[in-house]
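Asks: One structure, pasted below without further comment.
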Amino acid sequence: MQPLDTRIPAVLLRIDRNPFHHGTLGAVRSLGRAGIEVHLVADDRDSPVQRSRYLHRMHAPPAPGASLAEVAAVLRRVSHRLAGPAVLIPLDDAGALAVSALYGELTDRFLLPRVAGNVAERVADKATLAQVCAQAGVAHPTTLAPESAAEAAGAMGRLGAPGTPVVAKWSRPWLLPHDAGLRSTTLIGSRHEATALYERRAEAGSRLLLQAFVPGAREADWFVHGCAGRSGVVRGGGTGRKHRSWPRSAGLTVSGDWAENPALWTAAAQVVSALEYQGIFDLDFRRDAVTGAFHLIDFNPRPGAQFRLFADGTDTDVVRALHLDLTHRPVPAPRPLVGRTFVVENYAPLTALRALPRPGRRTPAPATELAWHAADDPAPAAALRRLWRHHVLRRLRDGVRHRARKVLTSLSVRARQHAPAVLHGTPNRERAVTDA
C-alpha cells in the first residue's frame, strides 16, 4: 500500500445528529490506522465513536440547520488548532453541501476536491437527480413532485397499478427535523398516505416526491462507491450488492457484499464523468426485473456508511484514496476483493455473530468487515452494546406507551358514543315520555 502523508491530518465533519453512524467510525479507523491524526467535528458525546483509539480529538459541531457562516466559523476554529492544512471530509449530506458552497473560503486551511458549480446540491437534491440522470443517459424511476394534496393522491394511480407501492421521498432529506418521526424515504400504498405526507411538507422543510417503484427480483438493490481524483480516474471503491436494509426496502445497508458488475460500474462512471464530479461518491441503484436496466436511485456526494466494504487488497478505501489524491500521492492500482462482506451488528446481530471470533475459533475471515467490532479497537463495540440495549429498551417503552394512549383514547371515544344521552347534557325526551 502507498503510505499516506502522515504530516497532513484529517478533519471529519458530520452535522447530522446520529450516535449510531457506523460510517463515522469506519473513517476514523481507516485514517487512524494509517497513522493520520484524525479530528472529528460531530456531536458524538454519547456515541461509541468517541471510544476509538484512533480518534485524536473531537470538536463541537455546528448546530443542525446552521447557516453557512456558522459552519465556516466552526471549521475555522478547528483549523486554528492544527499546525497546518488538513484534508476535510464531510460524512453527511448537510456537511457535504456546506463544504461545497464554502470551497472558496476554506481552501486556505483545508485540502478539498474541486466540485464544479452547484453539482453537489444538484445530485443530493432528489428533485433534480432525474435531470442529472437524463444528462448522463442513465435510467431513473419516473418521479412526480405534487403541488397539491389532490395531485399527491392522483399520483398514486399514475405511478403504479393498484396494490403496487409507491416510493415517497423528501427532496432534501438533510433538512428533516430530528424528532419529527419523518423518514427520508418511505414505501406507501394508499392515496391517504400520500396526502398525509404532503400535508407535512412545511414540517419536512422540502418538497415531497413520489416515485415509481422499480420492480426487482431478490437482491435487486446495488450500490457503487468510489473517489474521483483530480485526474478524473476513480479509485478506492467498487460495486456492491445489498442483502438487507433498515428500514426494509428503503434504508441503509445492513449487510452486503462486493460483487463485480461491469455494467453498473460503467453507468456510475457515466454519471460522474458527465458532472465532472471530483471527490467521494456513494450511488444507489435498483435493477429492474422486467427490463434489466439499473435505475439510479440516489447520488450521495460523500462516503456511504458501508464504504469499508471496499477496502481492497492494498487496504485502500475511498477516504484513503481521497487523502492520497489531495496530498499529491499516487493512489494504488485497485486489487478488488470480490466476495468481501459487510455487516452492521446492531441491525443484523445473528449475521454478525457468525463472523465474530469465539474461543477455539480463529478470528473473522479477512473477507468480513464488521461495522463496530475490531480486534485492534474493541472499545467502540463494547460501548455500542450498552448504548444500543438502552436505545432499544427506550424505543420499546415509548412504543408501549404510544399504543396504550391509542387504546385509552379509543375506549374513551367509544364510551362517549354509547353513553346515555343525558350524560352528554342532552335530555332523552323519548325515554321521558315513555316513563310518564
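Residues in the C-alpha cells are numbered from 1 in each chain, the chains being A, B, ... in the order shown, and ligands are numbered from 1 in the order shown.
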Contacts between region 130-149 of chain A and region 278-341 of chain A, please, where a residue of region 278-341 of chain A counts if it comes within 12 Å (with only C-alpha atoms); show its shortest atom pair and distance in Å to one decimal, rows by chain and ascending number, as JSON lines.
Replies:
{"residue": "A:Leu283", "atom": "CA", "partner": "A:Cys133", "partner_atom": "CA", "distance": 11.9}
{"residue": "A:Asp284", "atom": "CA", "partner": "A:His140", "partner_atom": "CA", "distance": 11.0}
{"residue": "A:Phe285", "atom": "CA", "partner": "A:His140", "partner_atom": "CA", "distance": 9.1}
{"residue": "A:Arg286", "atom": "CA", "partner": "A:His140", "partner_atom": "CA", "distance": 9.3}
{"residue": "A:Arg287", "atom": "CA", "partner": "A:Ala139", "partner_atom": "CA", "distance": 9.9}
{"residue": "A:Asp288", "atom": "CA", "partner": "A:Pro141", "partner_atom": "CA", "distance": 9.8}
{"residue": "A:Thr291", "atom": "CA", "partner": "A:Ala139", "partner_atom": "CA", "distance": 10.8}
{"residue": "A:Gly292", "atom": "CA", "partner": "A:Ala139", "partner_atom": "CA", "distance": 10.7}
{"residue": "A:Ala293", "atom": "CA", "partner": "A:Ala139", "partner_atom": "CA", "distance": 6.9}
{"residue": "A:Phe294", "atom": "CA", "partner": "A:Ala139", "partner_atom": "CA", "distance": 6.4}
{"residue": "A:His295", "atom": "CA", "partner": "A:Ala139", "partner_atom": "CA", "distance": 4.6}
{"residue": "A:Leu296", "atom": "CA", "partner": "A:His140", "partner_atom": "CA", "distance": 5.3}
{"residue": "A:Ile297", "atom": "CA", "partner": "A:His140", "partner_atom": "CA", "distance": 6.7}
{"residue": "A:Asp298", "atom": "CA", "partner": "A:His140", "partner_atom": "CA", "distance": 9.5}
{"residue": "A:Phe299", "atom": "CA", "partner": "A:Val132", "partner_atom": "CA", "distance": 9.8}
Asks: Convert the current residue selection to file output with N, CA, C and O atoms, as a short mmCIF file (atom, residue, chain, number, x, y, z; two decimals), in the first residue's frame.
Replies:
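Just written: selection.cif:
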data_model
loop_
_atom_site.label_atom_id
_atom_site.label_comp_id
_atom_site.auth_asym_id
_atom_site.auth_seq_id
_atom_site.Cartn_x
_atom_site.Cartn_y
_atom_site.Cartn_z
N LEU A 283 -23.40 5.88 -4.73
CA LEU A 283 -24.57 5.81 -5.59
C LEU A 283 -25.40 4.57 -5.26
O LEU A 283 -24.84 3.49 -5.06
N ASP A 284 -26.72 4.72 -5.23
CA ASP A 284 -27.63 3.61 -5.02
C ASP A 284 -28.38 3.31 -6.31
O ASP A 284 -28.96 4.22 -6.92
N PHE A 285 -28.38 2.05 -6.72
CA PHE A 285 -29.07 1.62 -7.92
C PHE A 285 -30.07 0.51 -7.59
O PHE A 285 -29.90 -0.22 -6.60
N ARG A 286 -31.09 0.39 -8.44
CA ARG A 286 -32.02 -0.74 -8.34
C ARG A 286 -32.22 -1.32 -9.74
O ARG A 286 -32.51 -0.59 -10.69
N ARG A 287 -32.08 -2.64 -9.83
CA ARG A 287 -32.19 -3.32 -11.12
C ARG A 287 -33.64 -3.68 -11.40
O ARG A 287 -34.31 -4.32 -10.58
N ASP A 288 -34.13 -3.25 -12.54
CA ASP A 288 -35.50 -3.52 -12.96
C ASP A 288 -35.58 -4.98 -13.41
O ASP A 288 -34.88 -5.40 -14.34
N THR A 291 -36.90 -5.07 -17.32
CA THR A 291 -36.04 -4.60 -18.41
C THR A 291 -34.56 -4.92 -18.20
O THR A 291 -33.78 -4.90 -19.15
N GLY A 292 -34.18 -5.18 -16.95
CA GLY A 292 -32.77 -5.42 -16.65
C GLY A 292 -31.96 -4.16 -16.46
O GLY A 292 -30.77 -4.21 -16.14
N ALA A 293 -32.59 -2.98 -16.65
CA ALA A 293 -31.87 -1.71 -16.53
C ALA A 293 -31.60 -1.38 -15.07
O ALA A 293 -32.41 -1.69 -14.18
N PHE A 294 -30.46 -0.73 -14.83
CA PHE A 294 -30.13 -0.26 -13.49
C PHE A 294 -30.58 1.19 -13.37
O PHE A 294 -30.10 2.06 -14.10
N HIS A 295 -31.51 1.45 -12.45
CA HIS A 295 -32.01 2.79 -12.22
C HIS A 295 -31.22 3.44 -11.08
O HIS A 295 -31.10 2.85 -9.99
N LEU A 296 -30.71 4.63 -11.32
CA LEU A 296 -30.02 5.37 -10.26
C LEU A 296 -31.06 5.97 -9.33
O LEU A 296 -31.91 6.77 -9.73
N ILE A 297 -31.02 5.56 -8.07
CA ILE A 297 -32.00 5.98 -7.08
C ILE A 297 -31.49 7.17 -6.26
O ILE A 297 -32.22 8.12 -5.99
N ASP A 298 -30.22 7.13 -5.87
CA ASP A 298 -29.65 8.20 -5.04
C ASP A 298 -28.20 8.44 -5.43
O ASP A 298 -27.47 7.49 -5.76
N PHE A 299 -27.77 9.70 -5.33
CA PHE A 299 -26.37 10.08 -5.52
C PHE A 299 -25.98 10.87 -4.28
O PHE A 299 -26.45 11.98 -4.06
#
Asks: Mind listing the alpha helix (DSSP H) residues of region 35-279 of chain A, per DSSP on the backbone, as a VMD selection string?
Replies: chain A and resid 68 to 80 93 to 101 103 to 106 119 to 124 129 to 136 149 to 159 191 to 198 201 to 204 262 to 275
Asks: Can you tell me, as a ChimeraX atom specification, which residues in region 98-165 of chain A count as strand (DSSP E or B) by DSSP?
Replies: /A:110-111,139,143-144
Asks: For Val74 (chain A), which residue out of A:Arg385, A:Arg45, A:Arg114, A:Arg14 is the nearest one, using only C-alpha atoms?
Replies: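 Smallest distance to Val74 (chain A) is found for A:Arg14.
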Asks: What's around region 313-328 of chain A at 10 Å? Count only C-alpha atoms, leave out sequence neighbours fewer than 3 positions away in its own chain, and write the answer as a ChimeraX atom specification.
Replies: /A:1-10,26-28,30-31,34,36,86-89,110-113,225-231,234-238,278-282,302-304,307-310,331-337
Asks: Considering only C-alpha atoms, give me a table of residues in region 106-129 of chain A that are at most 7 Å from region 160-173 of chain A, with the closest atom pair and distance in Å for each, as a Markdown table.
Replies:
| residue | atom | partner | partner_atom | distance |
| --- | --- | --- | --- | --- |
| A:Asp125 | CA | A:Arg172 | CA | 5.4 |
| A:Lys126 | CA | A:Ser171 | CA | 4.5 |
| A:Ala127 | CA | A:Ser171 | CA | 5.3 |
Asks: How many Å lie between CA of Met58 (chain A) and CA of Leu13 (chain A), rounded to one decimal?
Replies: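 Between these atoms lies a distance of 10.2 Å.
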Asks: For CA of Ser100 (chain A) and CA of Ala72 (chain A), determine how far apart the two atoms are, in Å to one decimal place.
Replies: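 These atoms are spaced 11.3 Å apart.
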Asks: Find, counting only C-alpha atoms, the residue in A:Ala379, A:Ala98, A:Ala367, A:Ala274 that gets nearest to Gly256 (chain A).
Replies: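 With only C-alpha atoms as the atom set, the closest residue is A:Ala367.
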Asks: Figure out the distance between CA of Leu175 (chain A) and CA of Arg17 (chain A), please, to one decimal in Å.
Replies: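 About the pair CA of Arg17 (chain A) and CA of Leu175 (chain A): they are 12.0 Å apart.
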